[in-house]
>>> print(open('target25.cif').read())   # mmCIF, C-alpha atoms
data_entry
loop_
_atom_site.label_atom_id
_atom_site.label_comp_id
_atom_site.auth_asym_id
_atom_site.auth_seq_id
_atom_site.Cartn_x
_atom_site.Cartn_y
_atom_site.Cartn_z
CA MET M 1 0.00 0.00 0.00
CA SER M 2 3.02 2.29 -0.05
CA ALA M 3 2.54 3.52 -3.60
CA HIS M 4 -0.94 4.79 -4.37
CA GLU M 5 -0.81 4.19 -8.07
CA GLY M 6 -3.57 5.89 -9.95
CA THR M 7 -4.39 8.28 -7.15
CA GLN M 8 -1.79 10.88 -8.07
CA HIS M 9 -3.61 12.44 -10.99
CA PRO M 10 -3.49 16.12 -11.73
CA ILE M 11 -6.57 17.99 -10.47
CA SER M 12 -7.42 18.87 -14.08
CA VAL M 13 -8.62 15.28 -14.63
CA TYR M 14 -11.36 15.77 -12.04
CA LEU M 15 -12.27 19.21 -13.32
CA ARG M 16 -12.69 17.83 -16.83
CA ILE M 17 -14.89 14.94 -15.63
CA TRP M 18 -16.90 17.38 -13.54
CA LEU M 19 -17.48 19.55 -16.62
CA LEU M 20 -18.42 16.47 -18.65
CA LEU M 21 -20.96 15.42 -15.99
CA PHE M 22 -22.42 18.92 -16.05
CA VAL M 23 -22.80 18.81 -19.82
CA LEU M 24 -24.35 15.32 -19.74
CA SER M 25 -26.79 16.39 -17.00
CA ALA M 26 -27.70 19.43 -19.06
CA PHE M 27 -28.34 17.16 -22.05
CA SER M 28 -30.62 14.85 -20.06
CA TYR M 29 -32.48 17.88 -18.74
CA MET M 30 -32.86 19.14 -22.32
CA VAL M 31 -34.56 15.84 -23.22
CA ASP M 32 -37.36 16.83 -20.86
CA TYR M 33 -37.28 20.54 -21.65
CA PHE M 34 -37.76 20.02 -25.39
CA HIS M 35 -40.44 17.34 -24.82
CA VAL M 36 -38.70 14.53 -26.68
CA GLN M 37 -41.19 11.64 -26.48
CA GLY M 38 -41.39 7.91 -26.99
CA LEU M 39 -38.46 5.73 -27.95
CA PRO M 40 -35.94 8.58 -28.61
CA ARG M 41 -36.69 9.93 -25.11
CA TRP M 42 -36.06 6.59 -23.38
CA THR M 43 -32.95 5.90 -25.44
CA LEU M 44 -31.45 9.32 -24.70
CA ILE M 45 -32.27 9.09 -20.98
CA ILE M 46 -30.63 5.65 -20.72
CA VAL M 47 -27.56 6.66 -22.75
CA PHE M 48 -26.88 9.82 -20.72
CA MET M 49 -27.57 7.93 -17.48
CA PHE M 50 -25.05 5.20 -18.22
CA LEU M 51 -22.43 7.68 -19.45
CA LYS M 52 -22.75 9.63 -16.19
CA ALA M 53 -22.75 6.48 -14.05
CA GLY M 54 -19.71 5.16 -15.91
CA LEU M 55 -17.75 8.39 -15.42
CA ILE M 56 -18.58 8.54 -11.71
CA VAL M 57 -17.67 4.90 -11.04
CA SER M 58 -14.56 4.70 -13.20
CA ILE M 59 -12.94 8.09 -12.54
CA PHE M 60 -14.40 9.58 -9.35
CA MET M 61 -14.53 6.23 -7.54
CA HIS M 62 -11.18 5.18 -9.04
CA MET M 63 -12.57 1.87 -10.30
CA LYS M 64 -10.57 2.30 -13.51
CA TRP M 65 -7.32 1.90 -11.55
CA GLU M 66 -8.39 -1.04 -9.36
CA ARG M 67 -7.35 -4.62 -10.03
CA LEU M 68 -9.61 -6.78 -12.15
CA ALA M 69 -10.56 -9.03 -9.18
CA LEU M 70 -12.11 -6.08 -7.33
CA LYS M 71 -13.76 -4.75 -10.49
CA LEU M 72 -15.42 -8.10 -11.15
CA ALA M 73 -16.41 -8.65 -7.49
CA ILE M 74 -18.26 -5.33 -7.41
CA LEU M 75 -19.54 -4.86 -10.95
CA VAL M 76 -20.71 -8.37 -11.90
CA PRO M 77 -23.22 -9.15 -9.05
CA PRO M 78 -25.55 -6.23 -9.95
CA LEU M 79 -26.13 -7.96 -13.30
CA CYS M 80 -28.46 -10.34 -11.37
CA LEU M 81 -30.79 -7.35 -11.23
CA LEU M 82 -31.48 -7.78 -14.94
CA VAL M 83 -33.30 -11.01 -14.05
CA LEU M 84 -35.35 -9.19 -11.39
CA ILE M 85 -36.17 -6.38 -13.83
CA GLY M 86 -37.22 -8.90 -16.48
CA LEU M 87 -39.41 -10.90 -14.09
CA MET M 88 -41.08 -7.80 -12.64
CA ALA M 89 -41.72 -6.38 -16.11
CA ILE M 90 -43.56 -9.59 -17.09
CA GLU M 91 -45.44 -9.57 -13.80
CA GLY M 92 -46.28 -5.87 -14.15
CA ASN M 93 -47.68 -6.40 -17.63
CA TYR M 94 -49.76 -9.31 -16.44
CA THR M 95 -51.14 -7.31 -13.50
CA PHE M 96 -51.99 -4.46 -15.85
CA LEU M 97 -53.86 -6.79 -18.19
CA THR M 98 -55.84 -8.50 -15.43
CA ARG M 99 -56.70 -5.12 -13.91
CA SER M 100 -57.84 -3.82 -17.29
CA VAL M 101 -60.10 -6.86 -17.72
CA ALA M 102 -61.46 -7.11 -14.19
CA PHE M 103 -61.42 -3.68 -12.57
CA THR M 104 -61.86 -1.01 -15.23
CA PRO M 105 -65.47 0.21 -15.35
CA MET U 1 -3.99 -14.88 19.13
CA ALA U 2 -5.34 -11.37 19.11
CA ALA U 3 -1.86 -9.93 19.12
CA GLU U 4 -0.87 -12.11 16.18
CA ILE U 5 -3.86 -10.91 14.17
CA MET U 6 -2.99 -7.32 15.03
CA THR U 7 0.52 -7.73 13.68
CA GLY U 8 -0.80 -9.21 10.48
CA HIS U 9 0.51 -12.73 11.13
CA ILE U 10 -2.32 -15.27 11.00
CA GLU U 11 -2.11 -18.99 11.82
CA PRO U 12 -2.71 -21.36 8.91
CA ALA U 13 -6.27 -22.68 8.60
CA GLY U 14 -7.01 -25.87 10.59
CA THR U 15 -4.35 -25.41 13.28
CA VAL U 16 -6.29 -23.46 15.94
CA GLU U 17 -9.19 -24.90 17.99
CA GLY U 18 -12.38 -23.34 19.28
CA LEU U 19 -13.81 -19.95 18.39
CA PRO U 20 -10.40 -18.45 17.50
CA GLY U 21 -10.13 -21.37 15.05
CA VAL U 22 -13.25 -20.16 13.27
CA VAL U 23 -11.56 -16.82 12.76
CA THR U 24 -8.28 -18.28 11.46
CA ASP U 25 -10.09 -20.78 9.24
CA PHE U 26 -12.11 -18.07 7.56
CA ALA U 27 -9.24 -15.62 7.46
CA SER U 28 -6.89 -18.28 6.03
CA ASP U 29 -3.60 -16.73 5.05
CA LYS U 30 -4.62 -15.05 1.86
CA GLN U 31 -5.84 -11.55 1.10
CA ALA U 32 -8.02 -11.37 -1.97
CA PHE U 33 -7.99 -7.62 -2.60
CA PRO U 34 -4.68 -5.78 -2.22
CA VAL U 35 -6.37 -2.59 -1.01
CA HIS U 36 -7.04 -1.09 2.41
CA TRP U 37 -9.61 -3.32 4.15
CA GLY U 38 -11.86 -0.34 4.76
CA LYS U 39 -11.99 0.35 1.06
CA ALA U 40 -12.90 -3.25 0.20
CA MET U 41 -15.58 -3.25 2.92
CA MET U 42 -16.98 0.08 1.72
CA TRP U 43 -17.26 -1.32 -1.81
CA ILE U 44 -19.09 -4.38 -0.48
CA PHE U 45 -21.42 -2.17 1.56
CA LEU U 46 -22.10 -0.08 -1.55
CA LEU U 47 -22.82 -3.26 -3.49
CA SER U 48 -25.48 -4.23 -0.92
CA ASP U 49 -26.86 -0.68 -1.05
CA THR U 50 -27.04 -1.00 -4.84
CA PHE U 51 -29.42 -3.92 -4.36
CA ILE U 52 -31.57 -1.97 -1.89
CA PHE U 53 -31.97 1.01 -4.21
CA SER U 54 -32.48 -1.28 -7.18
CA SER U 55 -35.28 -3.07 -5.32
CA PHE U 56 -36.99 0.28 -4.75
CA LEU U 57 -36.58 1.31 -8.38
CA VAL U 58 -37.79 -2.06 -9.67
CA SER U 59 -40.85 -1.94 -7.39
CA TYR U 60 -41.50 1.56 -8.73
CA MET U 61 -41.24 0.20 -12.29
CA HIS U 62 -43.70 -2.53 -11.36
CA VAL U 63 -46.36 -0.29 -9.83
CA ARG U 64 -46.03 2.19 -12.68
CA MET U 65 -46.40 -0.55 -15.31
CA SER U 66 -49.32 -2.23 -13.59
CA SER U 67 -51.35 0.90 -12.82
CA THR U 68 -54.43 1.36 -15.01
CA VAL U 69 -54.70 4.99 -13.89
CA ALA U 70 -52.49 7.52 -15.68
CA TRP U 71 -49.14 8.25 -13.95
CA PRO U 72 -48.77 11.92 -12.92
CA ASN U 73 -46.42 13.73 -15.32
CA PRO U 74 -43.23 14.43 -13.30
CA SER U 75 -42.30 17.21 -15.70
CA GLU U 76 -45.39 19.15 -14.57
CA VAL U 77 -45.51 17.99 -10.95
CA PHE U 78 -41.97 19.22 -10.33
CA ALA U 79 -42.25 22.44 -12.32
CA LEU U 80 -41.58 25.70 -10.55
CA SER U 81 -42.87 29.13 -11.49
CA LEU U 82 -39.99 31.52 -11.88
CA GLY U 83 -40.97 34.98 -13.07
CA GLY U 84 -44.49 33.91 -14.04
CA ALA U 85 -43.87 31.03 -16.46
CA PRO U 86 -43.56 27.48 -15.10
CA ILE U 87 -40.21 25.87 -15.88
CA PRO U 88 -40.37 22.05 -15.97
CA LEU U 89 -38.24 20.11 -13.47
CA ILE U 90 -36.10 23.17 -12.71
CA LEU U 91 -35.63 22.44 -9.00
CA ILE U 92 -34.64 18.83 -9.77
CA ALA U 93 -32.15 20.05 -12.38
CA ILE U 94 -30.57 22.43 -9.86
CA MET U 95 -30.43 19.62 -7.27
CA THR U 96 -28.68 17.43 -9.84
CA PHE U 97 -26.07 20.10 -10.54
CA VAL U 98 -25.54 20.67 -6.81
CA LEU U 99 -24.93 16.97 -6.19
CA ILE U 100 -22.59 16.65 -9.17
CA SER U 101 -20.64 19.66 -7.96
CA SER U 102 -20.33 18.04 -4.54
CA SER U 103 -18.93 14.93 -6.22
CA GLY U 104 -16.38 17.07 -8.05
CA THR U 105 -15.19 18.77 -4.86
CA MET U 106 -15.06 15.38 -3.10
CA ALA U 107 -12.88 13.87 -5.85
CA MET U 108 -10.49 16.81 -5.46
CA ALA U 109 -10.51 16.40 -1.65
CA VAL U 110 -9.37 12.77 -2.06
CA ASN U 111 -6.63 13.90 -4.40
CA TYR U 112 -5.39 16.57 -1.99
CA GLY U 113 -5.58 14.02 0.82
CA TYR U 114 -3.05 11.81 -0.94
CA ARG U 115 -0.87 14.89 -1.45
CA ARG U 116 -0.98 15.44 2.34
CA ASN U 117 -2.52 18.85 1.88
CA ARG U 118 -4.55 19.03 5.08
CA ALA U 119 -6.00 22.51 4.68
CA ARG U 120 -7.31 21.92 1.16
CA THR U 121 -8.60 18.42 1.95
CA THR U 122 -10.54 19.70 4.96
CA SER U 123 -11.99 22.71 3.17
CA LEU U 124 -12.97 20.73 0.07
CA MET U 125 -14.65 18.09 2.23
CA LEU U 126 -16.56 20.77 4.14
CA ILE U 127 -17.62 22.35 0.83
CA THR U 128 -18.83 18.92 -0.26
CA ALA U 129 -20.81 18.55 2.97
CA GLY U 130 -22.20 22.04 2.39
CA PHE U 131 -23.44 21.09 -1.08
CA GLY U 132 -24.97 17.96 0.47
CA ALA U 133 -26.79 20.00 3.10
CA MET U 134 -27.98 22.35 0.35
CA PHE U 135 -29.32 19.34 -1.55
CA VAL U 136 -31.23 18.07 1.51
CA GLY U 137 -32.62 21.58 2.05
CA MET U 138 -33.93 21.74 -1.51
CA GLN U 139 -35.39 18.27 -1.11
CA ALA U 140 -37.22 19.39 2.04
CA PHE U 141 -38.60 22.33 0.03
CA GLU U 142 -39.71 19.94 -2.72
CA TRP U 143 -41.40 17.57 -0.25
CA ALA U 144 -43.16 20.47 1.46
CA LYS U 145 -44.44 21.75 -1.89
CA LEU U 146 -45.72 18.32 -2.90
CA ILE U 147 -47.35 17.54 0.44
CA ILE U 148 -48.85 20.96 1.22
CA GLU U 149 -49.61 22.48 -2.19
CA GLU U 150 -50.22 19.44 -4.41
CA GLY U 151 -51.82 17.25 -1.74
CA ILE U 152 -49.66 14.22 -2.57
CA ARG U 153 -49.78 11.45 0.04
CA PRO U 154 -48.16 8.00 0.13
CA TRP U 155 -51.64 6.45 -0.25
CA GLY U 156 -53.02 8.70 -2.98
CA ASN U 157 -52.97 12.03 -4.76
CA PRO U 158 -55.32 14.19 -6.84
CA LEU U 159 -53.13 13.94 -9.99
CA GLY U 160 -53.45 10.28 -10.97
CA ALA U 161 -52.06 6.89 -9.97
CA ALA U 162 -52.14 6.43 -6.19
CA GLN U 163 -48.78 4.65 -6.22
CA PHE U 164 -46.99 7.85 -7.27
CA GLY U 165 -46.75 9.16 -3.70
CA ALA U 166 -45.58 5.86 -2.20
CA SER U 167 -42.82 5.48 -4.81
CA PHE U 168 -41.77 9.11 -4.58
CA PHE U 169 -41.53 9.34 -0.79
CA MET U 170 -39.87 5.93 -0.47
CA ILE U 171 -37.19 6.45 -3.12
CA THR U 172 -36.31 10.11 -2.57
CA GLY U 173 -36.70 9.71 1.21
CA PHE U 174 -34.22 6.85 1.35
CA HIS U 175 -31.83 8.76 -0.88
CA GLY U 176 -32.21 11.89 1.23
CA LEU U 177 -31.41 9.82 4.32
CA HIS U 178 -28.21 8.67 2.62
CA VAL U 179 -27.27 12.25 1.79
CA SER U 180 -27.94 13.38 5.38
CA ALA U 181 -25.87 10.52 6.81
CA GLY U 182 -23.15 11.33 4.26
CA VAL U 183 -23.02 14.97 5.37
CA ILE U 184 -22.44 13.87 8.98
CA TYR U 185 -19.85 11.28 7.88
CA LEU U 186 -17.98 13.84 5.74
CA VAL U 187 -17.90 16.42 8.54
CA ILE U 188 -16.50 13.83 10.97
CA VAL U 189 -13.76 12.71 8.56
CA ALA U 190 -12.99 16.34 7.62
CA LEU U 191 -12.50 17.23 11.29
CA LYS U 192 -10.22 14.21 11.74
CA VAL U 193 -8.17 15.36 8.75
CA TRP U 194 -7.95 18.85 10.22
CA ARG U 195 -6.95 17.49 13.65
CA GLY U 196 -4.11 15.61 11.98
CA ASP U 197 -5.25 12.06 12.80
CA PHE U 198 -4.13 10.74 9.42
CA GLU U 199 -0.87 12.62 9.64
CA ARG U 200 0.09 10.36 12.55
CA THR U 201 -0.84 7.13 10.76
CA GLY U 202 0.41 8.48 7.45
CA ASN U 203 -2.66 7.06 5.76
CA TYR U 204 -5.27 9.18 4.04
CA GLU U 205 -7.30 6.19 2.85
CA ALA U 206 -10.19 7.26 5.14
CA VAL U 207 -10.79 10.27 2.89
CA GLU U 208 -11.05 8.06 -0.18
CA ILE U 209 -13.41 5.65 1.64
CA ALA U 210 -15.68 8.55 2.64
CA GLY U 211 -15.40 9.71 -0.98
CA LEU U 212 -16.57 6.33 -2.26
CA TYR U 213 -19.71 6.61 -0.14
CA TRP U 214 -20.36 10.15 -1.33
CA HIS U 215 -19.88 9.36 -5.02
CA PHE U 216 -22.26 6.44 -4.58
CA VAL U 217 -24.95 8.79 -3.28
CA ASP U 218 -24.43 10.89 -6.42
CA LEU U 219 -24.53 7.74 -8.54
CA VAL U 220 -27.88 6.69 -7.08
CA TRP U 221 -29.25 10.15 -7.84
CA VAL U 222 -28.24 9.72 -11.51
CA PHE U 223 -30.51 6.66 -11.67
CA ILE U 224 -33.36 8.27 -9.69
CA PHE U 225 -33.16 11.37 -11.91
CA ALA U 226 -33.36 9.23 -15.06
CA PHE U 227 -36.05 6.78 -14.00
CA PHE U 228 -38.27 8.75 -11.65
CA TYR U 229 -38.07 12.32 -12.87
CA LEU U 230 -37.33 12.02 -16.60
CA TRP U 231 -39.04 8.76 -17.64
#
>>> encode(input="target25.cif", output="structure tokens")
Amino acid sequence: MSAHEGTQHPISVYLRIWLLLFVLSAFSYMVDYFHVQGLPRWTLIIVFMFLKAGLIVSIFMHMKWERLALKLAILVPPLCLLVLIGLMAIEGNYTFLTRSVAFTP
Amino acid sequence: MAAEIMTGHIEPAGTVEGLPGVVTDFASDKQAFPVHWGKAMMWIFLLSDTFIFSSFLVSYMHVRMSSTVAWPNPSEVFALSLGGAPIPLILIAIMTFVLISSSGTMAMAVNYGYRRNRARTTSLMLITAGFGAMFVGMQAFEWAKLIIEEGIRPWGNPLGAAQFGASFFMITGFHGLHVSAGVIYLVIVALKVWRGDFERTGNYEAVEIAGLYWHFVDLVWVFIFAFFYLW
């Protein structure tokens, strides 16, 4: 632990990422401001979201400079959530359909 | 036994009996992650927190998908009138910029910590905590507006789907709790930096660990902003 490799960056790295996050946030706000709707809206929201999340995790949280074992231990388990999202989407659709049939006047 | 663990020397697995044996067996003689233990533990805590927030967001997805009543339009619900005309989502946008700025100052605090610059580390951490407190203040304003002016309750609201309130208060409330706890955590670590605690141990890892927590709070907001406010 004597040498903190990857933690001795010039401050300008963080300032640049900060600026980039500002710009990306402004873009995602613009999506709402200019009333982009439907598929382009969802695509843009997701793209800007993942770009921001990636910058925060890799640069601000220094994940980029960690060893692969730590990267995998932290970043792979959340992929299980895709299963949960998939299951709940199916379930949500089903609930919507049964409600539409049974409860809508 | 205890002294041996303190000095970093651990007996090989299977050689110690009783409860201390449980410890040596699990500890073995191998370290998986060559980082400060606090950092590895913080990452694992954040991983568990990821699952908590994801559960909330997935349950929100589920109630929004399954509701036969129209979902209130967040763009209009969170609009603020500035100078007469309502601007959509403006308060949320400002909150987003405040939180991102706090992440920027925190990243710089970690950097100055490793450079052993105590004054700058402390002040940048306190600025970060200040941004965090500002964020919580704006959230309190937002909650007050929704509860008092719009009549939104966890069990129903006059704008549409009843589940809107439950999802909103649960998700933003839990995030706000994280920000509040983070502000306290940052102030404590900042004061320890200022007092020179890490100067004695020569190890500024505590600043980076606090930073990890803070960046995570910002990270969660990125997802809440995308899925709850923009979707």
>>> closest_residue(input="target25.cif", among="U:Pro72, U:Gly21, U:Gly176, U:Gly113", to="chain M", atoms="only C-alpha atoms")
U:Gly113
>>> resolve_selection(input="target25.cif", expression="the PyMOL selection byres ((chain M) within 6 of (chain U))", output="list of chain:residue names")
M:Trp18, M:Ala53, M:Phe60, M:Met61, M:Gly92, M:Thr95, M:Phe96
>>> atom_distance(input="target25.cif", atom1="CA of Val136 (chain U)", atom2="CA of Ile171 (chain U)")
13.9 Å
>>> residues_around(input="target25.cif", residues="Phe169 (chain U)", least_positions_apart="3", cutoff="12 Å", atoms="all atoms listed in the file", output="PyMOL selection string")
chain U and resi 56+60+139-140+142-144+146-147+152-156+163-166+172-177+228
>>> residues_around(input="target25.cif", residues="Asn73 (chain U)", least_positions_apart="5", cutoff="9 Å", atoms="all atoms listed in the file", output="list in words")
Phe78, Leu159, Gly160 and Tyr229 of chain U
>>> atom_distance(input="target25.cif", atom1="CA of Tyr14 (chain M)", atom2="CA of Val57 (chain M)")
12.6 Å
>>> atom_distance(input="target25.cif", atom1="CA of Phe34 (chain M)", atom2="CA of Glu76 (chain U)")
13.3 Å
>>> build_atoms(input="target25.cif", residues="region 58-82 of chain U", atoms="N, CA and C atoms", output="PDB file, in the frame of the given file")
ATOM      1  N   VAL U  58     -37.058  -1.019  -8.945  1.00  0.00           N
ATOM      2  CA  VAL U  58     -37.790  -2.060  -9.670  1.00  0.00           C
ATOM      3  C   VAL U  58     -39.244  -2.107  -9.196  1.00  0.00           C
ATOM      4  N   SER U  59     -39.460  -1.935  -7.879  1.00  0.00           N
ATOM      5  CA  SER U  59     -40.850  -1.940  -7.390  1.00  0.00           C
ATOM      6  C   SER U  59     -41.593  -0.734  -7.964  1.00  0.00           C
ATOM      7  N   TYR U  60     -40.889   0.379  -8.098  1.00  0.00           N
ATOM      8  CA  TYR U  60     -41.500   1.560  -8.730  1.00  0.00           C
ATOM      9  C   TYR U  60     -41.867   1.260 -10.182  1.00  0.00           C
ATOM     10  N   MET U  61     -40.960   0.596 -10.903  1.00  0.00           N
ATOM     11  CA  MET U  61     -41.240   0.200 -12.290  1.00  0.00           C
ATOM     12  C   MET U  61     -42.498  -0.669 -12.330  1.00  0.00           C
ATOM     13  N   HIS U  62     -42.573  -1.596 -11.377  1.00  0.00           N
ATOM     14  CA  HIS U  62     -43.700  -2.530 -11.360  1.00  0.00           C
ATOM     15  C   HIS U  62     -45.026  -1.815 -11.117  1.00  0.00           C
ATOM     16  N   VAL U  63     -45.078  -0.942 -10.104  1.00  0.00           N
ATOM     17  CA  VAL U  63     -46.360  -0.290  -9.830  1.00  0.00           C
ATOM     18  C   VAL U  63     -46.738   0.683 -10.943  1.00  0.00           C
ATOM     19  N   ARG U  64     -45.710   1.261 -11.599  1.00  0.00           N
ATOM     20  CA  ARG U  64     -46.030   2.190 -12.680  1.00  0.00           C
ATOM     21  C   ARG U  64     -46.556   1.432 -13.904  1.00  0.00           C
ATOM     22  N   MET U  65     -45.956   0.252 -14.168  1.00  0.00           N
ATOM     23  CA  MET U  65     -46.400  -0.550 -15.310  1.00  0.00           C
ATOM     24  C   MET U  65     -47.782  -1.128 -15.091  1.00  0.00           C
ATOM     25  N   SER U  66     -48.081  -1.492 -13.822  1.00  0.00           N
ATOM     26  CA  SER U  66     -49.320  -2.230 -13.590  1.00  0.00           C
ATOM     27  C   SER U  66     -50.500  -1.319 -13.275  1.00  0.00           C
ATOM     28  N   SER U  67     -50.250  -0.005 -13.149  1.00  0.00           N
ATOM     29  CA  SER U  67     -51.350   0.900 -12.820  1.00  0.00           C
ATOM     30  C   SER U  67     -52.209   1.178 -14.046  1.00  0.00           C
ATOM     31  N   THR U  68     -53.538   1.056 -13.887  1.00  0.00           N
ATOM     32  CA  THR U  68     -54.430   1.360 -15.010  1.00  0.00           C
ATOM     33  C   THR U  68     -54.797   2.837 -15.034  1.00  0.00           C
ATOM     34  N   VAL U  69     -54.455   3.546 -13.945  1.00  0.00           N
ATOM     35  CA  VAL U  69     -54.700   4.990 -13.890  1.00  0.00           C
ATOM     36  C   VAL U  69     -53.441   5.692 -14.403  1.00  0.00           C
ATOM     37  N   ALA U  70     -53.637   6.818 -15.095  1.00  0.00           N
ATOM     38  CA  ALA U  70     -52.490   7.520 -15.680  1.00  0.00           C
ATOM     39  C   ALA U  70     -51.509   7.962 -14.592  1.00  0.00           C
ATOM     40  N   TRP U  71     -50.181   7.818 -14.884  1.00  0.00           N
ATOM     41  CA  TRP U  71     -49.140   8.250 -13.950  1.00  0.00           C
ATOM     42  C   TRP U  71     -49.018   9.773 -14.029  1.00  0.00           C
ATOM     43  N   PRO U  72     -48.944  10.465 -12.871  1.00  0.00           N
ATOM     44  CA  PRO U  72     -48.770  11.920 -12.920  1.00  0.00           C
ATOM     45  C   PRO U  72     -47.503  12.283 -13.710  1.00  0.00           C
ATOM     46  N   ASN U  73     -47.572  13.340 -14.501  1.00  0.00           N
ATOM     47  CA  ASN U  73     -46.420  13.730 -15.320  1.00  0.00           C
ATOM     48  C   ASN U  73     -45.386  14.452 -14.453  1.00  0.00           C
ATOM     49  N   PRO U  74     -44.227  13.816 -14.197  1.00  0.00           N
ATOM     50  CA  PRO U  74     -43.230  14.430 -13.300  1.00  0.00           C
ATOM     51  C   PRO U  74     -42.778  15.796 -13.789  1.00  0.00           C
ATOM     52  N   SER U  75     -42.729  15.942 -15.114  1.00  0.00           N
ATOM     53  CA  SER U  75     -42.300  17.210 -15.700  1.00  0.00           C
ATOM     54  C   SER U  75     -43.167  18.365 -15.217  1.00  0.00           C
ATOM     55  N   GLU U  76     -44.482  18.102 -15.037  1.00  0.00           N
ATOM     56  CA  GLU U  76     -45.390  19.150 -14.570  1.00  0.00           C
ATOM     57  C   GLU U  76     -45.455  19.203 -13.047  1.00  0.00           C
ATOM     58  N   VAL U  77     -45.418  18.017 -12.416  1.00  0.00           N
ATOM     59  CA  VAL U  77     -45.510  17.990 -10.950  1.00  0.00           C
ATOM     60  C   VAL U  77     -44.347  18.762 -10.329  1.00  0.00           C
ATOM     61  N   PHE U  78     -43.152  18.607 -10.915  1.00  0.00           N
ATOM     62  CA  PHE U  78     -41.970  19.220 -10.330  1.00  0.00           C
ATOM     63  C   PHE U  78     -41.573  20.523 -10.990  1.00  0.00           C
ATOM     64  N   ALA U  79     -42.535  21.140 -11.703  1.00  0.00           N
ATOM     65  CA  ALA U  79     -42.250  22.440 -12.320  1.00  0.00           C
ATOM     66  C   ALA U  79     -42.334  23.530 -11.261  1.00  0.00           C
ATOM     67  N   LEU U  80     -41.543  24.553 -11.448  1.00  0.00           N
ATOM     68  CA  LEU U  80     -41.580  25.700 -10.550  1.00  0.00           C
ATOM     69  C   LEU U  80     -41.840  26.947 -11.356  1.00  0.00           C
ATOM     70  N   SER U  81     -42.628  27.875 -10.791  1.00  0.00           N
ATOM     71  CA  SER U  81     -42.870  29.130 -11.490  1.00  0.00           C
ATOM     72  C   SER U  81     -41.794  30.136 -11.110  1.00  0.00           C
ATOM     73  N   LEU U  82     -41.000  30.489 -12.103  1.00  0.00           N
ATOM     74  CA  LEU U  82     -39.990  31.520 -11.880  1.00  0.00           C
ATOM     75  C   LEU U  82     -40.304  32.670 -12.824  1.00  0.00           C
TER      76      LEU U  82
END
